[in-house]
file protein21.cif (mmCIF, C-alpha atoms)
data_run
#
loop_
_atom_site.label_atom_id
_atom_site.label_comp_id
_atom_site.auth_asym_id
_atom_site.auth_seq_id
_atom_site.Cartn_x
_atom_site.Cartn_y
_atom_site.Cartn_z
CA MET A 99 81.10 80.77 39.39
CA ILE A 100 84.56 79.88 38.05
CA GLU A 101 85.44 78.09 41.33
CA THR A 102 82.21 76.08 41.07
CA VAL A 103 83.05 75.02 37.50
CA LYS A 104 86.59 74.08 38.59
CA LEU A 105 85.18 71.87 41.36
CA LEU A 106 82.75 70.26 38.88
CA MET A 107 85.60 69.58 36.46
CA MET A 108 87.72 68.03 39.23
CA ASP A 109 84.76 65.89 40.26
CA ALA A 110 84.15 64.82 36.66
CA ALA A 111 87.86 63.96 36.29
CA ALA A 112 87.73 61.89 39.50
CA HIS A 113 84.72 59.92 38.22
CA PRO A 114 85.29 59.68 34.47
CA PRO A 115 82.11 58.77 32.58
CA ASP A 116 82.01 56.52 29.53
CA THR A 117 83.05 59.36 27.25
CA SER A 118 82.49 57.42 24.03
CA ARG A 119 78.72 57.51 24.71
CA TYR A 120 78.81 61.31 24.73
CA MET A 121 80.87 61.37 21.53
CA ALA A 122 78.38 59.03 19.83
CA ALA A 123 75.43 61.11 21.08
CA ALA A 124 76.98 64.35 19.77
CA TYR A 125 77.68 62.94 16.29
CA PHE A 126 74.19 61.42 16.20
CA VAL A 127 72.73 64.86 16.97
CA ILE A 128 74.87 66.53 14.27
CA GLY A 129 73.80 63.93 11.70
CA THR A 130 70.15 64.21 12.65
CA VAL A 131 70.01 68.03 12.53
CA LEU A 132 71.83 68.30 9.20
CA THR A 133 69.88 65.45 7.58
CA ALA A 134 66.57 66.92 8.78
CA TYR A 135 67.50 70.32 7.35
CA TYR A 136 68.63 68.75 4.06
CA LEU A 137 65.29 66.90 3.72
CA PHE A 138 63.39 70.10 4.60
CA LEU A 139 65.25 72.02 1.86
CA TRP A 140 64.86 69.19 -0.63
CA SER A 141 61.10 68.99 -0.10
CA ARG A 142 60.72 72.78 -0.35
CA GLY A 143 62.78 72.79 -3.55
CA ARG A 144 60.66 70.01 -5.06
CA ARG A 145 57.43 71.80 -4.16
CA ALA A 146 58.66 75.11 -5.60
CA GLU A 147 59.79 73.40 -8.83
CA GLU A 148 56.50 71.53 -9.27
CA GLU A 149 54.31 74.57 -8.72
CA MET B 1446 65.55 88.88 -10.31
CA THR B 1447 62.82 86.55 -11.52
CA GLU B 1448 64.67 86.41 -14.85
CA THR B 1449 67.79 85.11 -13.15
CA SER B 1450 68.85 81.82 -14.63
CA LEU B 1451 69.14 79.14 -11.98
CA LYS B 1452 71.34 76.86 -14.06
CA PRO B 1453 74.74 78.23 -12.91
CA LEU B 1454 73.47 78.19 -9.34
CA ALA B 1455 72.30 74.57 -9.66
CA TRP B 1456 75.69 73.68 -11.13
CA ALA B 1457 77.55 75.43 -8.28
CA GLU B 1458 75.32 73.66 -5.75
CA ARG B 1459 76.04 70.25 -7.31
CA ALA B 1460 79.78 71.03 -7.29
CA ALA B 1461 79.60 72.05 -3.63
CA TRP B 1462 77.77 68.84 -2.63
CA THR B 1463 80.20 66.77 -4.71
CA ALA B 1464 83.09 68.31 -2.76
CA ALA B 1465 81.35 68.38 0.65
CA VAL B 1466 80.26 64.74 0.85
CA PRO B 1467 83.70 63.09 0.34
CA ALA B 1468 85.35 65.86 2.38
CA ASN B 1469 83.08 65.04 5.32
CA ALA B 1470 83.56 61.29 4.87
CA GLY B 1471 87.33 61.88 4.97
CA ALA B 1472 87.07 64.23 7.95
CA LEU B 1473 84.96 61.70 9.88
CA TRP B 1474 87.48 58.97 9.10
CA MET B 1475 90.22 61.25 10.50
CA VAL B 1476 88.15 62.04 13.62
CA PHE B 1477 87.42 58.40 14.46
CA GLY B 1478 90.36 56.57 12.89
CA TYR B 1479 93.33 58.91 12.86
CA ALA B 1480 93.15 61.54 15.62
CA PRO B 1481 94.47 60.27 18.96
CA VAL B 1482 92.23 60.10 22.03
CA GLU B 1483 92.83 63.07 24.32
CA GLN B 1484 94.10 61.96 27.73
CA VAL B 1485 91.98 64.10 30.07
CA MET B 1486 88.60 64.30 28.30
CA GLY B 1487 88.78 60.94 26.52
CA GLU B 1488 86.66 60.17 23.45
CA ALA B 1489 84.30 63.08 24.17
CA GLN B 1490 87.03 65.52 23.08
CA LYS B 1491 86.37 64.34 19.50
CA ILE B 1492 83.17 66.41 19.63
CA PHE B 1493 85.56 69.38 19.24
CA TYR B 1494 86.25 68.44 15.58
CA TYR B 1495 82.69 69.29 14.51
CA HIS B 1496 81.64 71.61 17.34
CA VAL B 1497 84.24 74.32 16.62
CA PRO B 1498 84.04 74.15 12.78
CA SER B 1499 80.23 74.41 13.07
CA ALA B 1500 80.71 77.59 15.13
CA VAL B 1501 83.16 79.02 12.56
CA THR B 1502 80.74 78.19 9.71
CA ALA B 1503 77.86 79.79 11.62
CA TYR B 1504 79.92 82.97 12.23
CA CYS B 1505 80.79 83.19 8.51
CA LEU B 1506 77.14 82.75 7.53
CA VAL B 1507 75.76 85.29 9.99
CA PHE B 1508 78.41 87.71 8.73
CA LEU B 1509 77.08 87.14 5.19
CA ALA B 1510 73.54 87.64 6.49
CA PHE B 1511 74.68 90.94 8.03
CA LEU B 1512 76.36 92.02 4.79
CA PHE B 1513 73.44 91.12 2.49
CA SER B 1514 70.91 92.63 4.92
CA ALA B 1515 72.88 95.90 4.98
CA LEU B 1516 72.96 95.86 1.17
CA PHE B 1517 69.20 95.20 1.09
CA LEU B 1518 68.53 98.12 3.45
CA TRP B 1519 70.69 100.31 1.22
CA ARG B 1520 69.39 99.31 -2.22
CA GLU B 1521 66.20 97.26 -1.55
CA ARG B 1522 66.95 94.76 -4.31
CA ALA B 1523 65.13 91.46 -3.72
CA ILE B 1524 68.21 89.36 -4.49
CA TRP B 1525 70.01 90.75 -1.41
CA ASP B 1526 67.04 89.71 0.71
CA VAL B 1527 67.07 86.16 -0.72
CA LEU B 1528 70.82 85.88 -0.04
CA ALA B 1529 70.48 87.31 3.49
CA HIS B 1530 67.58 84.99 4.30
CA ALA B 1531 69.51 81.93 3.05
CA SER B 1532 72.71 82.82 4.96
CA ALA B 1533 70.85 83.57 8.19
CA GLU B 1534 68.78 80.38 8.05
CA VAL B 1535 71.75 78.07 7.34
CA GLY B 1536 73.80 79.98 9.95
CA TRP B 1537 71.02 79.34 12.46
CA VAL B 1538 71.14 75.58 11.67
CA PHE B 1539 74.89 75.50 12.38
CA LEU B 1540 74.40 77.57 15.55
CA THR B 1541 71.84 74.95 16.62
CA VAL B 1542 74.45 72.21 16.07
CA VAL B 1543 76.91 74.19 18.23
CA LEU B 1544 74.37 74.70 21.02
CA LEU B 1545 73.33 71.02 21.01
CA THR B 1546 76.80 69.47 20.89
CA GLY B 1547 78.34 71.88 23.43
CA PRO B 1548 76.22 70.70 26.38
CA ILE B 1549 76.85 67.02 25.49
CA TRP B 1550 80.58 67.70 25.62
CA GLY B 1551 80.13 69.76 28.80
CA ARG B 1552 78.21 66.95 30.52
CA SER B 1553 81.09 64.60 29.85
CA ALA B 1554 83.91 67.06 30.64
CA TRP B 1555 82.63 68.82 33.74
CA GLY B 1556 79.54 66.84 34.71
CA ARG B 1557 76.97 69.54 33.88
CA TRP B 1558 74.86 70.08 30.77
CA TRP B 1559 74.96 73.85 31.11
CA VAL B 1560 76.86 76.48 33.07
CA TRP B 1561 75.94 80.16 32.89
CA GLU B 1562 79.40 81.30 31.87
CA PRO B 1563 80.06 84.17 29.40
CA ARG B 1564 80.57 82.26 26.16
CA LEU B 1565 77.63 79.89 26.65
CA THR B 1566 75.34 82.75 27.65
CA THR B 1567 76.31 85.03 24.74
CA ALA B 1568 76.08 82.07 22.30
CA LEU B 1569 72.56 81.31 23.59
CA ILE B 1570 71.56 84.98 23.11
CA LEU B 1571 72.96 84.85 19.54
CA TRP B 1572 70.98 81.68 18.81
CA LEU B 1573 67.79 83.24 20.22
CA MET B 1574 68.25 86.31 18.00
CA TYR B 1575 68.60 84.21 14.86
CA THR B 1576 65.69 82.01 16.01
CA ALA B 1577 63.66 85.23 16.11
CA TYR B 1578 64.86 86.00 12.56
CA VAL B 1579 63.91 82.53 11.25
CA LEU B 1580 60.48 82.68 12.94
CA LEU B 1581 59.90 86.21 11.65
CA ARG B 1582 60.55 85.07 8.07
CA LEU B 1583 58.45 81.94 8.55
CA PHE B 1584 55.34 83.61 9.96
CA THR B 1585 55.20 86.96 8.15
CA ARG B 1586 54.05 87.81 4.63
CA ARG B 1587 56.71 87.95 1.93
CA ASP B 1588 56.69 91.67 1.37
CA ALA B 1589 59.17 94.54 1.44
CA ARG B 1590 58.15 95.66 4.93
CA SER B 1591 58.80 92.33 6.66
CA ALA B 1592 62.02 91.97 4.63
CA ARG B 1593 63.17 95.36 5.97
CA VAL B 1594 62.32 94.41 9.58
CA ALA B 1595 64.20 91.11 9.16
CA ALA B 1596 67.19 92.92 7.64
CA VAL B 1597 67.37 95.28 10.64
CA LEU B 1598 67.21 92.27 12.97
CA ALA B 1599 70.03 90.48 11.07
CA VAL B 1600 72.22 93.60 11.23
CA VAL B 1601 71.60 94.10 14.97
CA ALA B 1602 72.01 90.38 15.79
CA PHE B 1603 75.41 90.25 14.11
CA PHE B 1604 76.86 92.67 16.69
CA ASN B 1605 76.55 89.84 19.22
CA VAL B 1606 79.15 87.75 17.32
CA PRO B 1607 82.21 89.73 18.56
CA LEU B 1608 80.79 89.41 22.09
CA VAL B 1609 80.62 85.60 21.75
CA HIS B 1610 84.12 85.52 20.28
CA LYS B 1611 85.69 87.80 22.88
CA ALA B 1612 83.63 86.60 25.86
CA VAL B 1613 86.39 84.36 27.23
CA GLU B 1614 89.05 87.05 26.86
CA TRP B 1615 86.91 89.81 28.40
CA TRP B 1616 85.09 87.99 31.19
CA GLY B 1617 87.13 84.79 31.73
CA SER B 1618 86.07 81.16 31.66
CA VAL B 1619 87.52 77.85 32.76
CA VAL B 1620 85.27 75.94 30.37
CA HIS B 1621 86.50 77.58 27.16
CA PRO B 1622 90.26 78.24 27.08
CA GLU B 1623 91.50 81.42 25.37
CA LYS B 1624 93.91 79.43 23.21
CA VAL B 1625 93.94 75.74 22.32
CA SER B 1626 97.20 73.95 21.54
CA LEU B 1627 96.82 70.76 19.54
CA GLU B 1628 99.23 67.96 18.73
CA PRO B 1629 100.03 67.73 14.97
CA PRO B 1630 97.59 64.83 14.20
CA MET B 1631 94.84 66.65 16.12
CA ARG B 1632 95.58 69.92 14.32
CA LEU B 1633 95.49 68.18 10.94
CA THR B 1634 92.16 66.52 11.81
CA PHE B 1635 90.77 69.85 12.97
CA LEU B 1636 91.80 71.58 9.72
CA ALA B 1637 90.26 68.76 7.65
CA SER B 1638 87.01 69.00 9.65
CA LEU B 1639 87.01 72.79 9.32
CA ALA B 1640 87.34 72.58 5.52
CA ALA B 1641 84.67 69.84 5.36
CA VAL B 1642 82.14 71.73 7.48
CA LEU B 1643 82.76 74.99 5.58
CA LEU B 1644 82.08 73.11 2.33
CA LEU B 1645 78.91 71.66 3.85
CA GLY B 1646 77.81 75.17 4.88
CA THR B 1647 78.49 76.40 1.32
CA ALA B 1648 76.45 73.55 -0.19
CA PHE B 1649 73.53 74.16 2.18
CA THR B 1650 73.61 77.91 1.50
CA LEU B 1651 73.63 77.46 -2.28
CA ALA B 1652 70.75 74.98 -1.98
CA ARG B 1653 68.83 77.43 0.21
CA VAL B 1654 69.46 80.32 -2.22
CA ARG B 1655 68.16 78.17 -5.11
CA VAL B 1656 65.02 77.29 -3.14
CA GLY B 1657 64.55 80.98 -2.23
CA LEU B 1658 64.82 82.06 -5.88
CA LEU B 1659 62.41 79.31 -6.99
CA GLU B 1660 59.90 80.48 -4.39
CA GLU B 1661 60.34 84.11 -5.51
CA ARG B 1662 59.61 83.05 -9.11
CA ARG B 1663 56.53 81.14 -8.01
CA LEU B 1664 55.32 84.18 -6.07
CA ALA B 1665 55.91 86.46 -9.07
CA ARG B 1666 53.96 84.05 -11.33
CA MET B 1667 51.08 84.00 -8.83
CA GLU B 1668 50.99 87.81 -8.70
CA GLU B 1669 50.96 88.01 -12.52
CA SER B 1670 48.09 85.54 -12.95
#

call {"tool": "encode", "arguments": {"input": "protein21.cif", "output": "structure tokens"}}
result
Amino acid sequence: MIETVKLLMMDAAAHPPDTSRYMAAAYFVIGTVLTAYYLFLWSRGRRAEEE
Amino acid sequence: MTETSLKPLAWAERAAWTAAVPANAGALWMVFGYAPVEQVMGEAQKIFYYHVPSAVTAYCLVFLAFLFSALFLWRERAIWDVLAHASAEVGWVFLTVVLLTGPIWGRSAWGRWWVWEPRLTTALILWLMYTAYVLLRLFTRRDARSARVAAVLAVVAFFNVPLVHKAVEWWGSVVHPEKVSLEPPMRLTFLASLAAVLLLGTAFTLARVRVGLLEERRLARMEES
């Protein structure tokens, strides 16, 4: 398994992808998950306060 | 517990958000504008600055969930259950962030979204256990029995955390190094991100506790009427 991962890493290093796309995708995911959870909590809080 | 005043909690929550928002803005500026680009992994290495702090925050929160669940099993006071539920749920959100950003980084660094290596596998098991906890709380009645079952699950699930932490040391991995050495600007950026994400976790947890207490009050009012 470790040898396979090493080969994959060497292959990835030989053909470097556009790494900024992955960085942007990761930060987009982080922002989306945390914003969605914030909105979920906010709406639950509002509902609980109103009732 | 229904008599508990929520004002100090609301104040603490506001203070936490007031600290967390600028802290994260500053941390993001450091990630994108200050930290140098790593030579081997390129821009994708910057995922590290939120991936690892999210994992640390999740570990802290699931530890709190373990602690409050143990206290609930011992004393059966509803407040411990509210605190355990809030910590576990917010911890699960941060674990989700870790499990979503890790594969994106992995795809860039070693060309694969997922590899069944020890840390990834144990982290997935941990996430599944807390997913079970969140679903259990979501789809069961709010009573002492389901709270006890959830508390047992939170206590048992926490014992997976040392396995995730020690997985690399015990079973080896080329994907996750045992120790990471960072250049000074990278270390400073990491510490800023760590503080920012911990503050964010605190703000979310306080918000979740407030919502939990509000819902408990509503439930108590409904039972009275």

call {"tool": "residues_around", "arguments": {"input": "protein21.cif", "residues": "Trp1572 (chain B)", "least_positions_apart": "5", "cutoff": "9 Å", "atoms": "all atoms listed in the file", "output": "number ranges by chain"}}
result
B: 1537, 1540-1541, 1544, 1567, 1577

call {"tool": "resolve_selection", "arguments": {"input": "protein21.cif", "expression": "the PyMOL selection byres ((chain A and resi 125) around 10)", "output": "PyMOL selection string"}}
result
(chain A and resi 120-124+126-131) or (chain B and resi 1473+1491-1492+1495-1496+1542+1546)

call {"tool": "write_last_selection", "arguments": {"input": "protein21.cif", "atoms": "C-alpha atoms", "output": "PDB file, in the coordinates of the input"}}
result
ATOM      1  CA  TYR A 120      78.810  61.310  24.730  1.00  0.00           C
ATOM      2  CA  MET A 121      80.870  61.370  21.530  1.00  0.00           C
ATOM      3  CA  ALA A 122      78.380  59.030  19.830  1.00  0.00           C
ATOM      4  CA  ALA A 123      75.430  61.110  21.080  1.00  0.00           C
ATOM      5  CA  ALA A 124      76.980  64.350  19.770  1.00  0.00           C
ATOM      6  CA  PHE A 126      74.190  61.420  16.200  1.00  0.00           C
ATOM      7  CA  VAL A 127      72.730  64.860  16.970  1.00  0.00           C
ATOM      8  CA  ILE A 128      74.870  66.530  14.270  1.00  0.00           C
ATOM      9  CA  GLY A 129      73.800  63.930  11.700  1.00  0.00           C
ATOM     10  CA  THR A 130      70.150  64.210  12.650  1.00  0.00           C
ATOM     11  CA  VAL A 131      70.010  68.030  12.530  1.00  0.00           C
TER      12      VAL A 131
ATOM     13  CA  LEU B1473      84.960  61.700   9.880  1.00  0.00           C
ATOM     14  CA  LYS B1491      86.370  64.340  19.500  1.00  0.00           C
ATOM     15  CA  ILE B1492      83.170  66.410  19.630  1.00  0.00           C
ATOM     16  CA  TYR B1495      82.690  69.290  14.510  1.00  0.00           C
ATOM     17  CA  HIS B1496      81.640  71.610  17.340  1.00  0.00           C
ATOM     18  CA  VAL B1542      74.450  72.210  16.070  1.00  0.00           C
ATOM     19  CA  THR B1546      76.800  69.470  20.890  1.00  0.00           C
TER      20      THR B1546
END

call {"tool": "resolve_selection", "arguments": {"input": "protein21.cif", "expression": "the PyMOL selection byres ((chain B and resi 1553) around 9)", "output": "MDAnalysis selection string"}}
result
(chainID A and resid 110 114:117 120:121) or (chainID B and resid 1486 1489 1548:1552 1554:1558)

call {"tool": "atom_distance", "arguments": {"input": "protein21.cif", "atom1": "CA of Val1654 (chain B)", "atom2": "CA of Ser1638 (chain B)"}}
result
24.0 Å

call {"tool": "atom_distance", "arguments": {"input": "protein21.cif", "atom1": "CA of Pro1630 (chain B)", "atom2": "CA of Val1476 (chain B)"}}
result
9.9 Å

call {"tool": "atom_distance", "arguments": {"input": "protein21.cif", "atom1": "CA of Ala1465 (chain B)", "atom2": "CA of Leu1644 (chain B)"}}
result
5.1 Å

call {"tool": "resolve_selection", "arguments": {"input": "protein21.cif", "expression": "the PyMOL selection byres ((chain B and resi 1650) around 12)", "output": "ChimeraX atom specification"}}
result
/A:135-136,139 /B:1454-1455,1457-1459,1461-1462,1502-1503,1505-1507,1509-1510,1527-1539,1643-1649,1651-1657

call {"tool": "residues_around", "arguments": {"input": "protein21.cif", "residues": "region 1587-1596 of chain B", "least_positions_apart": "6", "cutoff": "10 Å", "atoms": "all atoms listed in the file", "output": "list in words"}}
result
Ala1510, Phe1511, Leu1512, Phe1513, Ser1514, Ala1515, Leu1516, Phe1517, Leu1518, Glu1521, Arg1522, Ala1523, Trp1525, Asp1526, Val1527, Ala1529, His1530, Tyr1575, Ala1577, Tyr1578, Val1579, Leu1580, Leu1581, Ala1602, Glu1661 and Leu1664 of chain B

call {"tool": "closest_residue", "arguments": {"input": "protein21.cif", "among": "B:Met1631, B:Ile1524, B:Val1482, B:Leu1639", "to": "Ser118 (chain A)", "atoms": "all atoms listed in the file"}}
result
B:Val1482

call {"tool": "residues_around", "arguments": {"input": "protein21.cif", "residues": "region 1608-1617 of chain B", "least_positions_apart": "6", "cutoff": "6 Å", "atoms": "only C-alpha atoms", "output": "PDB file with C-alpha atoms, in the frame of the given file"}}
result
ATOM      1  CA  PRO B1563      80.060  84.170  29.400  1.00  0.00           C
ATOM      2  CA  ARG B1564      80.570  82.260  26.160  1.00  0.00           C
ATOM      3  CA  THR B1567      76.310  85.030  24.740  1.00  0.00           C
ATOM      4  CA  ALA B1568      76.080  82.070  22.300  1.00  0.00           C
TER       5      ALA B1568
END

call {"tool": "axis_aligned_box", "arguments": {"input": "protein21.cif", "around": "region 1512-1529 of chain B", "padding_each_side": "8 Å", "output": "JSON"}}
result
{"center_x": 70.7, "center_y": 93.1, "center_z": 0.2, "size_x": 27.2, "size_y": 30.4, "size_z": 25.5}

call {"tool": "residues_around", "arguments": {"input": "protein21.cif", "residues": "Phe1635 (chain B)", "least_positions_apart": "6", "cutoff": "10 Å", "atoms": "only C-alpha atoms", "output": "count of residues only"}}
result
13

call {"tool": "closest_residue", "arguments": {"input": "protein21.cif", "among": "A:Arg142, A:Arg119, A:Thr133, A:Glu149", "to": "Gly1487 (chain B)", "atoms": "only C-alpha atoms"}}
result
A:Arg119
